[in-house]
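Participant: entry-v2.tsv is reproduced in full below (TSV, C-alpha atoms and all ligand atoms).
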chain	number	residue	atom	x	y	z
A	1	MET	CA	54.29	76.33	72.29
A	2	VAL	CA	51.29	74.27	73.37
A	3	LYS	CA	52.13	70.64	74.21
A	4	LEU	CA	50.50	68.21	71.77
A	5	ASN	CA	48.46	65.40	73.39
A	6	TYR	CA	49.52	62.63	70.98
A	7	ASN	CA	52.48	60.25	70.70
A	8	SER	CA	52.67	59.82	66.92
A	9	ALA	CA	51.90	62.13	64.02
A	10	LEU	CA	51.96	62.08	60.24
A	11	VAL	CA	52.54	65.29	58.31
A	12	THR	CA	51.62	65.28	54.63
A	13	GLY	CA	53.62	67.88	52.74
A	14	GLY	CA	56.14	67.59	55.59
A	15	ALA	CA	59.08	68.58	53.39
A	16	GLY	CA	57.35	71.82	52.40
A	17	PHE	CA	57.34	75.18	54.11
A	18	ILE	CA	54.64	74.88	56.80
A	19	GLY	CA	54.83	71.06	57.02
A	20	SER	CA	58.56	71.16	57.87
A	21	HIS	CA	57.88	73.58	60.73
A	22	ILE	CA	55.17	71.25	62.05
A	23	CYS	CA	57.64	68.33	61.85
A	24	GLU	CA	60.28	70.38	63.68
A	25	GLU	CA	58.01	71.24	66.60
A	26	LEU	CA	56.70	67.67	66.84
A	27	LEU	CA	60.30	66.42	67.13
A	28	ASN	CA	61.03	69.12	69.74
A	29	GLN	CA	58.19	67.55	71.74
A	30	ASN	CA	59.61	63.99	71.32
A	31	ILE	CA	56.66	62.85	69.24
A	32	LYS	CA	57.18	60.16	66.57
A	33	VAL	CA	56.87	61.87	63.18
A	34	THR	CA	56.20	60.45	59.74
A	35	CYS	CA	56.82	63.02	57.02
A	36	LEU	CA	55.01	62.14	53.78
A	37	ASP	CA	55.87	64.11	50.66
A	38	ASN	CA	56.31	63.55	46.93
A	39	PHE	CA	58.87	66.38	46.69
A	40	VAL	CA	57.11	68.14	43.86
A	41	ALA	CA	57.71	71.35	45.83
A	42	GLY	CA	59.17	70.03	49.08
A	43	LYS	CA	62.93	69.97	49.56
A	44	MET	CA	65.36	67.73	51.37
A	45	GLU	CA	67.12	70.87	52.64
A	46	ASN	CA	63.95	71.64	54.66
A	47	ILE	CA	64.17	68.36	56.58
A	48	ASN	CA	67.86	67.39	56.42
A	49	GLU	CA	68.39	68.37	60.04
A	50	PHE	CA	65.67	65.89	61.16
A	51	MET	CA	67.05	62.90	59.25
A	52	GLY	CA	69.25	61.48	62.03
A	53	ASN	CA	66.49	61.76	64.64
A	54	PRO	CA	65.21	58.26	65.62
A	55	ASN	CA	61.69	59.74	65.96
A	56	PHE	CA	61.69	60.91	62.33
A	57	LYS	CA	60.61	58.80	59.37
A	58	LEU	CA	60.42	59.96	55.76
A	59	VAL	CA	57.97	58.42	53.27
A	60	LYS	CA	58.24	59.53	49.64
A	61	ALA	CA	54.75	59.08	48.23
A	62	ASP	CA	51.97	60.86	46.38
A	63	VAL	CA	48.68	61.57	48.19
A	64	ALA	CA	46.92	61.03	44.85
A	65	ASP	CA	47.87	57.33	45.08
A	66	LEU	CA	46.05	55.71	48.00
A	67	ASP	CA	47.91	52.39	47.74
A	68	SER	CA	51.28	54.14	48.09
A	69	ILE	CA	50.31	56.11	51.22
A	70	LYS	CA	48.09	53.66	53.15
A	71	ASP	CA	50.81	51.87	55.11
A	72	ALA	CA	52.35	55.10	56.37
A	73	PHE	CA	49.16	55.81	58.38
A	74	LYS	CA	49.42	52.65	60.52
A	75	ASP	CA	49.90	53.44	64.25
A	76	ILE	CA	49.47	57.17	63.62
A	77	GLU	CA	47.35	59.07	66.16
A	78	VAL	CA	47.11	62.49	64.51
A	79	VAL	CA	47.49	63.64	60.89
A	80	PHE	CA	48.41	67.19	59.83
A	81	HIS	CA	47.40	67.27	56.16
A	82	ASN	CA	49.46	69.99	54.46
A	83	ALA	CA	50.28	68.46	51.05
A	84	ALA	CA	48.77	70.58	48.31
A	85	SER	CA	49.22	71.95	44.86
A	86	LYS	CA	49.67	75.68	45.46
A	87	CYS	CA	47.74	78.63	44.06
A	88	THR	CA	50.79	79.69	42.06
A	89	VAL	CA	50.70	76.30	40.29
A	90	CYS	CA	47.00	76.48	39.44
A	91	ARG	CA	47.67	79.25	36.96
A	92	VAL	CA	49.63	76.80	34.77
A	93	ASP	CA	48.04	73.48	35.72
A	94	PRO	CA	44.54	73.79	37.22
A	95	LYS	CA	43.88	70.08	36.83
A	96	LEU	CA	46.73	69.22	39.19
A	97	ASP	CA	45.01	71.27	41.91
A	98	LEU	CA	41.92	69.16	41.47
A	99	ILE	CA	43.89	65.90	41.64
A	100	VAL	CA	46.02	66.78	44.67
A	101	ASN	CA	43.80	69.10	46.69
A	102	ALA	CA	40.48	67.31	46.19
A	103	TYR	CA	41.24	63.68	45.29
A	104	GLY	CA	44.47	63.62	47.34
A	105	THR	CA	42.56	64.90	50.37
A	106	PHE	CA	39.93	62.22	49.84
A	107	ASN	CA	42.77	59.65	50.00
A	108	VAL	CA	44.26	61.15	53.15
A	109	TYR	CA	40.86	60.91	54.87
A	110	GLU	CA	40.41	57.37	53.59
A	111	ALA	CA	43.89	56.24	54.74
A	112	SER	CA	43.25	57.90	58.14
A	113	ARG	CA	39.94	56.12	58.51
A	114	LEU	CA	41.37	52.73	57.52
A	115	SER	CA	44.13	53.05	60.15
A	116	GLY	CA	41.90	54.40	62.94
A	117	VAL	CA	43.67	57.78	63.18
A	118	LYS	CA	42.22	59.73	66.13
A	119	LYS	CA	42.29	63.18	64.54
A	120	VAL	CA	43.00	64.86	61.20
A	121	VAL	CA	43.81	68.57	61.03
A	122	HIS	CA	43.42	69.57	57.40
A	123	ALA	CA	45.20	72.69	56.18
A	124	SER	CA	42.93	74.78	54.01
A	125	THR	CA	42.99	78.40	52.97
A	126	GLY	CA	41.18	81.71	53.31
A	127	SER	CA	40.84	81.57	49.51
A	128	VAL	CA	37.74	79.38	49.99
A	129	TYR	CA	35.80	82.56	50.92
A	130	GLY	CA	36.71	84.49	47.76
A	131	GLU	CA	36.10	88.26	47.74
A	132	ALA	CA	34.60	89.26	51.08
A	133	LEU	CA	30.90	90.09	51.37
A	134	TYR	CA	31.58	91.53	54.84
A	135	PHE	CA	34.47	92.16	57.21
A	136	PRO	CA	35.98	90.65	59.16
A	137	GLN	CA	35.44	87.32	57.43
A	138	ASP	CA	34.46	84.73	60.00
A	139	GLU	CA	33.95	81.01	59.45
A	140	LYS	CA	30.25	81.57	58.61
A	141	HIS	CA	31.17	83.69	55.58
A	142	PRO	CA	29.75	82.19	52.34
A	143	TYR	CA	32.14	80.25	50.12
A	144	ASN	CA	32.86	81.93	46.83
A	145	PRO	CA	36.34	80.92	45.67
A	146	VAL	CA	37.42	82.62	42.46
A	147	SER	CA	40.63	80.69	41.73
A	148	PHE	CA	41.09	77.07	40.64
A	149	TYR	CA	43.14	76.66	43.79
A	150	GLY	CA	40.36	77.98	46.04
A	151	VAL	CA	37.77	75.75	44.39
A	152	SER	CA	39.92	72.62	44.71
A	153	LYS	CA	40.76	73.40	48.35
A	154	LEU	CA	37.08	73.91	49.15
A	155	CYS	CA	36.28	70.59	47.50
A	156	GLY	CA	38.89	68.86	49.72
A	157	GLU	CA	37.40	70.56	52.79
A	158	ARG	CA	33.87	69.47	51.96
A	159	TYR	CA	34.86	65.80	51.77
A	160	SER	CA	35.49	66.03	55.51
A	161	ASN	CA	31.71	66.38	56.02
A	162	ALA	CA	31.02	63.24	54.05
A	163	PHE	CA	33.72	61.25	55.87
A	164	ARG	CA	32.48	62.39	59.26
A	165	ASP	CA	28.92	61.58	58.34
A	166	TYR	CA	29.62	58.11	56.96
A	167	TYR	CA	32.49	57.00	59.20
A	168	ASP	CA	32.51	59.15	62.32
A	169	ILE	CA	36.15	60.22	61.86
A	170	ASN	CA	37.42	63.36	63.68
A	171	ILE	CA	38.47	66.00	61.18
A	172	SER	CA	39.05	69.72	61.75
A	173	ILE	CA	39.84	72.34	59.15
A	174	ILE	CA	42.42	75.08	59.68
A	175	ARG	CA	42.35	77.94	57.18
A	176	TYR	CA	45.68	79.74	56.82
A	177	PHE	CA	46.12	83.27	55.50
A	178	HIS	CA	49.48	84.39	54.04
A	179	VAL	CA	51.88	82.44	56.19
A	180	TYR	CA	55.52	83.57	56.24
A	181	GLY	CA	58.80	82.50	57.80
A	182	SER	CA	61.94	80.52	57.02
A	183	ARG	CA	61.96	77.75	54.35
A	184	GLN	CA	59.20	79.28	52.24
A	185	GLU	CA	59.74	79.03	48.48
A	186	SER	CA	61.50	82.16	47.23
A	187	SER	CA	61.29	81.55	43.46
A	188	ASP	CA	58.60	83.20	41.32
A	189	VAL	CA	56.04	80.62	42.50
A	190	GLY	CA	56.86	81.29	46.17
A	191	GLY	CA	55.47	83.67	48.78
A	192	VAL	CA	55.58	87.43	48.38
A	193	ILE	CA	57.79	87.97	51.46
A	194	PRO	CA	60.70	85.70	50.39
A	195	ILE	CA	60.36	86.95	46.80
A	196	PHE	CA	60.74	90.57	47.95
A	197	ILE	CA	63.64	89.66	50.27
A	198	LYS	CA	65.39	87.80	47.45
A	199	ARG	CA	64.97	90.68	44.99
A	200	ALA	CA	66.30	93.15	47.57
A	201	PHE	CA	69.20	90.84	48.45
A	202	GLU	CA	70.08	90.74	44.73
A	203	ASN	CA	69.72	94.54	44.48
A	204	LYS	CA	66.86	94.18	41.98
A	205	PRO	CA	63.65	96.24	41.93
A	206	LEU	CA	60.61	94.77	43.72
A	207	THR	CA	57.59	94.00	41.52
A	208	ILE	CA	54.04	94.57	42.75
A	209	PHE	CA	51.11	93.12	40.76
A	210	GLY	CA	48.38	95.78	40.95
A	211	ASP	CA	48.74	99.08	42.77
A	212	GLY	CA	49.97	97.71	46.10
A	213	THR	CA	46.77	98.48	48.01
A	214	GLN	CA	45.92	94.78	48.48
A	215	LEU	CA	45.51	94.18	52.22
A	216	ARG	CA	47.04	91.07	53.81
A	217	SER	CA	47.06	89.44	57.24
A	218	PHE	CA	50.53	87.84	57.35
A	219	THR	CA	51.00	85.18	60.02
A	220	TYR	CA	54.32	83.87	61.30
A	221	VAL	CA	54.68	80.17	60.59
A	222	LYS	CA	55.38	79.19	64.23
A	223	ASP	CA	52.04	80.76	65.19
A	224	ASP	CA	50.30	78.54	62.64
A	225	VAL	CA	52.06	75.48	64.08
A	226	GLU	CA	50.67	76.53	67.44
A	227	SER	CA	47.14	76.84	66.03
A	228	ASN	CA	47.45	73.36	64.47
A	229	PHE	CA	48.37	71.89	67.86
A	230	THR	CA	45.63	73.82	69.66
A	231	ILE	CA	43.01	72.48	67.25
A	232	ALA	CA	44.44	68.93	67.38
A	233	ASN	CA	44.21	68.89	71.19
A	234	SER	CA	40.63	70.09	71.34
A	235	GLU	CA	37.66	67.72	71.28
A	236	ARG	CA	35.43	70.70	70.69
A	237	SER	CA	37.18	71.29	67.34
A	238	ASP	CA	35.90	68.05	65.79
A	239	GLY	CA	33.95	68.84	62.62
A	240	GLN	CA	34.78	72.54	62.88
A	241	ALA	CA	36.72	74.95	60.66
A	242	TYR	CA	38.97	77.69	62.07
A	243	ASN	CA	40.58	80.77	60.56
A	244	SER	CA	44.19	81.03	61.66
A	245	ALA	CA	45.59	84.51	61.12
A	246	SER	CA	47.51	87.14	63.01
A	247	GLY	CA	45.03	89.98	62.61
A	248	ILE	CA	47.81	92.17	61.22
A	249	LYS	CA	46.63	94.50	58.46
A	250	ILE	CA	49.33	95.49	56.01
A	251	THR	CA	49.25	96.42	52.34
A	252	ILE	CA	51.67	94.97	49.81
A	253	GLN	CA	53.03	98.49	49.27
A	254	GLN	CA	53.73	98.87	53.01
A	255	LEU	CA	55.30	95.41	53.06
A	256	ALA	CA	57.66	96.24	50.19
A	257	GLU	CA	58.73	99.48	51.87
A	258	LYS	CA	59.23	97.75	55.25
A	259	ILE	CA	61.45	95.05	53.75
A	260	LEU	CA	63.55	97.60	51.86
A	261	LYS	CA	63.94	99.64	55.07
A	262	ILE	CA	64.95	96.67	57.28
A	263	MET	CA	67.45	95.53	54.63
A	264	GLY	CA	68.84	99.05	54.22
A	265	LYS	CA	67.91	99.09	50.51
A	266	GLU	CA	65.43	101.98	50.39
A	267	ASP	CA	67.00	103.26	47.18
A	268	LEU	CA	65.73	100.20	45.24
A	269	GLU	CA	62.81	100.85	42.89
A	270	ILE	CA	59.31	99.36	43.24
A	271	ILE	CA	57.70	98.60	39.88
A	272	TYR	CA	54.02	97.91	39.21
A	273	LYS	CA	52.52	95.35	36.81
A	274	ASP	CA	48.93	94.32	35.93
A	275	TRP	CA	46.75	92.75	38.62
A	276	ARG	CA	46.89	88.96	38.64
A	277	ALA	CA	43.70	87.05	37.82
A	278	GLY	CA	42.00	85.72	40.96
A	279	ASP	CA	43.97	88.00	43.29
A	280	ILE	CA	41.84	88.90	46.31
A	281	LYS	CA	42.10	92.58	47.21
A	282	VAL	CA	41.31	92.54	50.90
A	283	PHE	CA	41.67	89.98	53.66
A	284	GLN	CA	40.36	90.95	57.08
A	285	VAL	CA	39.85	87.90	59.15
A	286	SER	CA	38.03	87.08	62.34
A	287	THR	CA	39.98	84.68	64.58
A	288	GLU	CA	37.56	84.75	67.51
A	289	LYS	CA	36.59	81.13	67.01
A	290	LEU	CA	40.20	79.93	67.26
A	291	ALA	CA	40.76	82.21	70.26
A	292	SER	CA	37.82	80.46	71.96
A	293	LEU	CA	40.02	77.32	72.05
A	294	GLY	CA	42.61	79.29	74.04
A	295	TYR	CA	44.86	80.25	71.12
A	296	GLU	CA	46.80	83.49	71.08
A	297	CYS	CA	48.97	84.72	68.22
A	298	ASN	CA	52.36	85.42	69.82
A	299	THR	CA	54.62	86.92	67.18
A	300	SER	CA	54.44	90.60	66.24
A	301	PHE	CA	54.92	91.31	62.53
A	302	ASP	CA	58.09	93.32	63.12
A	303	ILE	CA	59.73	90.49	65.07
A	304	GLY	CA	58.59	87.76	62.66
A	305	LEU	CA	59.67	89.74	59.61
A	306	LYS	CA	63.11	90.54	61.08
A	307	LYS	CA	63.69	86.86	61.95
A	308	THR	CA	62.60	85.87	58.44
A	309	ILE	CA	64.86	88.41	56.73
A	310	ASP	CA	67.84	87.33	58.87
A	311	TRP	CA	67.21	83.69	57.95
A	312	TYR	CA	66.96	84.38	54.19
A	313	VAL	CA	70.00	86.66	54.07
A	314	LYS	CA	72.07	83.85	55.65
A	315	TYR	CA	70.44	81.29	53.32
A	316	PHE	CA	71.11	83.30	50.13
A	317	LYS	CA	74.69	84.00	51.20
A	318	ASN	CA	75.31	80.25	51.59
A	319	LYS	CA	73.73	79.35	48.25
A	401	LIG	N1	51.76	79.32	52.67
A	401	LIG	C1	50.59	79.95	52.79
A	401	LIG	O1	50.54	81.18	52.95
A	401	LIG	C2	49.31	79.18	52.77
A	401	LIG	C3	48.10	79.90	52.83
A	401	LIG	C4	46.89	79.21	52.81
A	401	LIG	C5	46.90	77.84	52.78
A	401	LIG	N2	48.09	77.14	52.71
A	401	LIG	C6	48.02	75.67	52.68
A	401	LIG	O2	49.00	75.18	53.57
A	401	LIG	C7	49.49	73.93	53.14
A	401	LIG	C8	51.00	73.95	53.10
A	401	LIG	O3	51.42	74.97	52.21
A	401	LIG	P1	52.94	75.44	52.10
A	401	LIG	O4	52.91	76.91	51.97
A	401	LIG	O5	53.76	74.81	53.15
A	401	LIG	O6	53.29	74.86	50.66
A	401	LIG	P2	54.53	74.01	50.14
A	401	LIG	O7	54.38	73.93	48.67
A	401	LIG	O8	55.80	74.53	50.71
A	401	LIG	O9	54.24	72.60	50.80
A	401	LIG	C9	53.36	71.69	50.21
A	401	LIG	C10	54.07	70.35	50.24
A	401	LIG	O10	53.17	69.38	49.68
A	401	LIG	C11	53.95	68.51	48.88
A	401	LIG	N3	53.05	67.91	47.89
A	401	LIG	C12	52.45	68.52	46.84
A	401	LIG	N4	51.73	67.64	46.14
A	401	LIG	C13	51.87	66.45	46.78
A	401	LIG	C14	51.37	65.14	46.54
A	401	LIG	N5	50.59	64.91	45.47
A	401	LIG	N6	51.69	64.14	47.39
A	401	LIG	C15	52.51	64.39	48.46
A	401	LIG	N7	53.03	65.59	48.73
A	401	LIG	C16	52.71	66.61	47.90
A	401	LIG	C17	55.00	69.40	48.24
A	401	LIG	O11	56.11	68.66	47.75
A	401	LIG	C18	55.34	70.31	49.39
A	401	LIG	O12	56.39	69.79	50.17
A	401	LIG	C19	48.82	73.68	51.79
A	401	LIG	O13	47.72	72.84	51.99
A	401	LIG	C20	48.36	75.04	51.34
A	401	LIG	O14	47.22	74.94	50.51
A	401	LIG	C21	49.28	77.79	52.70
Mind turning the file's structure into structure tokens?
Facilitator:
Amino acid sequence: MVKLNYNSALVTGGAGFIGSHICEELLNQNIKVTCLDNFVAGKMENINEFMGNPNFKLVKADVADLDSIKDAFKDIEVVFHNAASKCTVCRVDPKLDLIVNAYGTFNVYEASRLSGVKKVVHASTGSVYGEALYFPQDEKHPYNPVSFYGVSKLCGERYSNAFRDYYDINISIIRYFHVYGSRQESSDVGGVIPIFIKRAFENKPLTIFGDGTQLRSFTYVKDDVESNFTIANSERSDGQAYNSASGIKITIQQLAEKILKIMGKEDLEIIYKDWRAGDIKVFQVSTEKLASLGYECNTSFDIGLKKTIDWYVKYFKNK
């Protein structure tokens, strides 16, 4: 893992899936960590093991409320902004996406500026591109989000331009694509990998929305932590956006079969339901720009998936 060049960091959404892995690696590197989360989706179980660490501080606050988050940014050198209302939520409450992902991001930039934070790395998503006009999608691809989530995330991203222009604050955007690993939500609003693992663990059929031909580029969460740190360390990254993805190409059908095979449950049925609105059929992503900062994706899909399955099987057994 690349060594981060800062002494103190704040992670919004730090009790969530990706945020908790960022917190963990920061603590491994003896960096002072403030984890800011309102626990709408985050869980204490994700951060319990950090609680006794003198370098770890937890702030329960909502990024949509600037007054409640401002103080937490004092003496912070780098911010990893991962708090967000997820795409699974936007189907039931699109307005919340707007409030958290656009207005909340505005507040995170504002609090960072007021406290003189040196760098903000803002977690965005490949959904800002929408359906691809060409492959592989690089960072110059036009923006055409088709979901409420994608639109609200793009809005948050674009505020970085205004903040940089008006205040000269260093902000970089990292766009994740289908991150997986331990601690990801496994309920119906979670990620497809933990949902499939949970169904197989419970000996229930796996459900695919659509025909299973959707192509994904799953990335192991530790590799995304590494890309966050690489971007944070780089001066060249200021004002830039980077795709962070593994380059793996796997369909949802292949994923379902792989999980059933690893778990020894190949006799379980796969059932198919209607396509979900806003579902993007193909992701093929260029990561050349991130590689130009010296980043390499280290984890093969087979290794990452096996580690993830092992973690969830233990987790479900202990539930
Ligand atoms: N997981 C993926 O595959 C993926 C893909 C693309 C982009 N992203 C982006 O990565 C970031 C992290 O996603 P994740 O998968 O870890 O999701 P997550 O839901 O596990 O984590 C998000 C965290 O933000 C917190 N949060 C939500 N609203 C908040 C608010 N108003 N104030 C403070 N905290 C709040 C939640 O409680 C949660 O802990 C998000 O910005 C998301 O848009 C994730």
Participant: List all protein, DNA and RNA residues that have at least one atom no more than 6 Å from any atom of ligand LIG 401 (chain A), counting all atoms listed in the file, and write them as an MDAnalysis selection string.
Facilitator: chainID A and resid 13:19 37:42 61:64 82:86 100 123:125 176:179
Participant: Could you write out that same residue set with C-alpha atoms as a PDB file, in the coordinates of the input?
Facilitator:
ATOM      1  CA  GLY A  13      53.620  67.880  52.740  1.00  0.00           C
ATOM      2  CA  GLY A  14      56.140  67.590  55.590  1.00  0.00           C
ATOM      3  CA  ALA A  15      59.080  68.580  53.390  1.00  0.00           C
ATOM      4  CA  GLY A  16      57.350  71.820  52.400  1.00  0.00           C
ATOM      5  CA  PHE A  17      57.340  75.180  54.110  1.00  0.00           C
ATOM      6  CA  ILE A  18      54.640  74.880  56.800  1.00  0.00           C
ATOM      7  CA  GLY A  19      54.830  71.060  57.020  1.00  0.00           C
ATOM      8  CA  ASP A  37      55.870  64.110  50.660  1.00  0.00           C
ATOM      9  CA  ASN A  38      56.310  63.550  46.930  1.00  0.00           C
ATOM     10  CA  PHE A  39      58.870  66.380  46.690  1.00  0.00           C
ATOM     11  CA  VAL A  40      57.110  68.140  43.860  1.00  0.00           C
ATOM     12  CA  ALA A  41      57.710  71.350  45.830  1.00  0.00           C
ATOM     13  CA  GLY A  42      59.170  70.030  49.080  1.00  0.00           C
ATOM     14  CA  ALA A  61      54.750  59.080  48.230  1.00  0.00           C
ATOM     15  CA  ASP A  62      51.970  60.860  46.380  1.00  0.00           C
ATOM     16  CA  VAL A  63      48.680  61.570  48.190  1.00  0.00           C
ATOM     17  CA  ALA A  64      46.920  61.030  44.850  1.00  0.00           C
ATOM     18  CA  ASN A  82      49.460  69.990  54.460  1.00  0.00           C
ATOM     19  CA  ALA A  83      50.280  68.460  51.050  1.00  0.00           C
ATOM     20  CA  ALA A  84      48.770  70.580  48.310  1.00  0.00           C
ATOM     21  CA  SER A  85      49.220  71.950  44.860  1.00  0.00           C
ATOM     22  CA  LYS A  86      49.670  75.680  45.460  1.00  0.00           C
ATOM     23  CA  VAL A 100      46.020  66.780  44.670  1.00  0.00           C
ATOM     24  CA  ALA A 123      45.200  72.690  56.180  1.00  0.00           C
ATOM     25  CA  SER A 124      42.930  74.780  54.010  1.00  0.00           C
ATOM     26  CA  THR A 125      42.990  78.400  52.970  1.00  0.00           C
ATOM     27  CA  TYR A 176      45.680  79.740  56.820  1.00  0.00           C
ATOM     28  CA  PHE A 177      46.120  83.270  55.500  1.00  0.00           C
ATOM     29  CA  HIS A 178      49.480  84.390  54.040  1.00  0.00           C
ATOM     30  CA  VAL A 179      51.880  82.440  56.190  1.00  0.00           C
TER      31      VAL A 179
END
Participant: Just give me the gap between CA of Glu77 (chain A) and CA of Val120 (chain A) in Å, one decimal is fine.
Facilitator: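 These two atoms are separated by 8.8 Å.
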Participant: Fewer than 3 positions away in the same chain doesn't count, so skip those; otherwise give me all residues within 12 Å of Ile250 (chain A), counting all atoms listed in the file, as a PyMOL selection string.
Facilitator: chain A and resi 178+212-219+246-247+253-258+281-284+301-302
Participant: Write a file of the selected residues as a PDB file, in the coordinates of the input, keeping C-alpha atoms.
Facilitator:
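Generated output (again.pdb):
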ATOM      1  CA  HIS A 178      49.480  84.390  54.040  1.00  0.00           C
ATOM      2  CA  GLY A 212      49.970  97.710  46.100  1.00  0.00           C
ATOM      3  CA  THR A 213      46.770  98.480  48.010  1.00  0.00           C
ATOM      4  CA  GLN A 214      45.920  94.780  48.480  1.00  0.00           C
ATOM      5  CA  LEU A 215      45.510  94.180  52.220  1.00  0.00           C
ATOM      6  CA  ARG A 216      47.040  91.070  53.810  1.00  0.00           C
ATOM      7  CA  SER A 217      47.060  89.440  57.240  1.00  0.00           C
ATOM      8  CA  PHE A 218      50.530  87.840  57.350  1.00  0.00           C
ATOM      9  CA  THR A 219      51.000  85.180  60.020  1.00  0.00           C
ATOM     10  CA  SER A 246      47.510  87.140  63.010  1.00  0.00           C
ATOM     11  CA  GLY A 247      45.030  89.980  62.610  1.00  0.00           C
ATOM     12  CA  GLN A 253      53.030  98.490  49.270  1.00  0.00           C
ATOM     13  CA  GLN A 254      53.730  98.870  53.010  1.00  0.00           C
ATOM     14  CA  LEU A 255      55.300  95.410  53.060  1.00  0.00           C
ATOM     15  CA  ALA A 256      57.660  96.240  50.190  1.00  0.00           C
ATOM     16  CA  GLU A 257      58.730  99.480  51.870  1.00  0.00           C
ATOM     17  CA  LYS A 258      59.230  97.750  55.250  1.00  0.00           C
ATOM     18  CA  LYS A 281      42.100  92.580  47.210  1.00  0.00           C
ATOM     19  CA  VAL A 282      41.310  92.540  50.900  1.00  0.00           C
ATOM     20  CA  PHE A 283      41.670  89.980  53.660  1.00  0.00           C
ATOM     21  CA  GLN A 284      40.360  90.950  57.080  1.00  0.00           C
ATOM     22  CA  PHE A 301      54.920  91.310  62.530  1.00  0.00           C
ATOM     23  CA  ASP A 302      58.090  93.320  63.120  1.00  0.00           C
TER      24      ASP A 302
END
Participant: Go through A:Arg164, A:Lys204, A:Lys314, A:Lys43 and flag the residue nearest Gly239 (chain A), using all atoms listed in the file for the distances.
Facilitator: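 Under the stated criterion, the closest residue is A:Arg164.
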Participant: Which residues, written as a ChimeraX atom specification, have at least one atom at most 6 Å from region 220-227 of chain A, with all atoms listed in the file counted and residues fewer than 3 positions away on the same chain left out?
Facilitator: /A:22,179-181,230,297,304
Participant: So that I can check the surroundings of Lys265 (chain A), please list as a ChimeraX atom specification every protein, DNA and RNA residue that reaches within 12 Å of it, counting only C-alpha atoms and ignoring chain neighbours fewer than 2 positions away.
Facilitator: /A:196-206,256-263,267-270
Participant: Here is a test: counting all atoms listed in the file, which residue of A:Ile76, A:Ile303, A:Ile280, A:Leu290 is nearest to Ser237 (chain A)?
Facilitator: A:Leu290
Participant: Please compute the CA of Val79 (chain A)-CA of Val11 (chain A) distance, one decimal, in Å.
Facilitator: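 Interatomic distance, CA of Val79 (chain A) to CA of Val11 (chain A): 5.9 Å.
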Participant: Smallest atom-to-atom distance to Phe135 (chain A): which of A:Glu45, A:Tyr242, A:Val285, A:Tyr312, using only C-alpha atoms?
Facilitator: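 Going through A:Glu45, A:Tyr242, A:Val285, A:Tyr312 one by one, the smallest distance to Phe135 (chain A) is for A:Val285.
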Participant: Fewer than 4 positions away in the same chain doesn't count, so skip those; otherwise give me all residues within 12 Å of Asn7 (chain A), counting all atoms listed in the file, as a tab-separated table (two decimals) with C-alpha atoms, keeping the file's coordinate frame.
Facilitator:
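What landed in result_14.tsv:
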chain	number	residue	atom	x	y	z
A	3	LYS	CA	52.13	70.64	74.21
A	26	LEU	CA	56.70	67.67	66.84
A	27	LEU	CA	60.30	66.42	67.13
A	29	GLN	CA	58.19	67.55	71.74
A	30	ASN	CA	59.61	63.99	71.32
A	31	ILE	CA	56.66	62.85	69.24
A	32	LYS	CA	57.18	60.16	66.57
A	33	VAL	CA	56.87	61.87	63.18
A	34	THR	CA	56.20	60.45	59.74
A	55	ASN	CA	61.69	59.74	65.96
A	75	ASP	CA	49.90	53.44	64.25
A	76	ILE	CA	49.47	57.17	63.62
A	77	GLU	CA	47.35	59.07	66.16
A	78	VAL	CA	47.11	62.49	64.51
A	79	VAL	CA	47.49	63.64	60.89
A	117	VAL	CA	43.67	57.78	63.18
A	118	LYS	CA	42.22	59.73	66.13
A	233	ASN	CA	44.21	68.89	71.19
Participant: Select all residues near (34.4, 62.7, 54.4) (cut-off 12 Å, inclusive, file coordinates), counting all atoms listed in the file, and output them as number ranges by chain.
Facilitator: A: 102-103, 105-113, 120, 122, 155-172, 239
Participant: Work out how far apart CA of Lys306 (chain A) and CA of Leu293 (chain A) are and give it in Å to one decimal.
Facilitator: 28.8 Å
Participant: Between A:Ile208, A:Val189, A:Ile99, A:Cys23, which has the minimum distance to Trp275 (chain A) (counting all atoms listed in the file)?
Facilitator: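 The closest residue to Trp275 (chain A) is A:Ile208.
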Participant: Between A:Tyr143, A:Tyr315, A:Phe229, A:Phe209, which has the minimum distance to Gly294 (chain A) (counting all atoms listed in the file)?
Facilitator: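 So, comparing all the options, the nearest one is A:Phe229.
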Participant: Identify which of the residues A:Tyr149, A:Phe80, A:Tyr134, A:Phe50 lies closest to Ile173 (chain A), counting only C-alpha atoms when measuring atom-to-atom distances.
Facilitator: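 Nearest to Ile173 (chain A): A:Phe80.
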Participant: Where atoms are missing, can you supply N, CA and C atoms for region 90-94 of chain A and output the lot as a PDB file, in the frame of the given file?
Facilitator:
ATOM      1  N   CYS A  90      48.296  76.623  40.113  1.00  0.00           N
ATOM      2  CA  CYS A  90      47.000  76.480  39.440  1.00  0.00           C
ATOM      3  C   CYS A  90      46.883  77.360  38.213  1.00  0.00           C
ATOM      4  N   ARG A  91      47.724  78.396  38.151  1.00  0.00           N
ATOM      5  CA  ARG A  91      47.670  79.250  36.960  1.00  0.00           C
ATOM      6  C   ARG A  91      48.157  78.488  35.726  1.00  0.00           C
ATOM      7  N   VAL A  92      49.112  77.557  35.927  1.00  0.00           N
ATOM      8  CA  VAL A  92      49.630  76.800  34.770  1.00  0.00           C
ATOM      9  C   VAL A  92      49.009  75.415  34.646  1.00  0.00           C
ATOM     10  N   ASP A  93      48.568  74.836  35.779  1.00  0.00           N
ATOM     11  CA  ASP A  93      48.040  73.480  35.720  1.00  0.00           C
ATOM     12  C   ASP A  93      46.862  73.294  36.683  1.00  0.00           C
ATOM     13  N   PRO A  94      45.697  73.853  36.311  1.00  0.00           N
ATOM     14  CA  PRO A  94      44.540  73.790  37.220  1.00  0.00           C
ATOM     15  C   PRO A  94      44.077  72.380  37.531  1.00  0.00           C
TER      16      PRO A  94
END
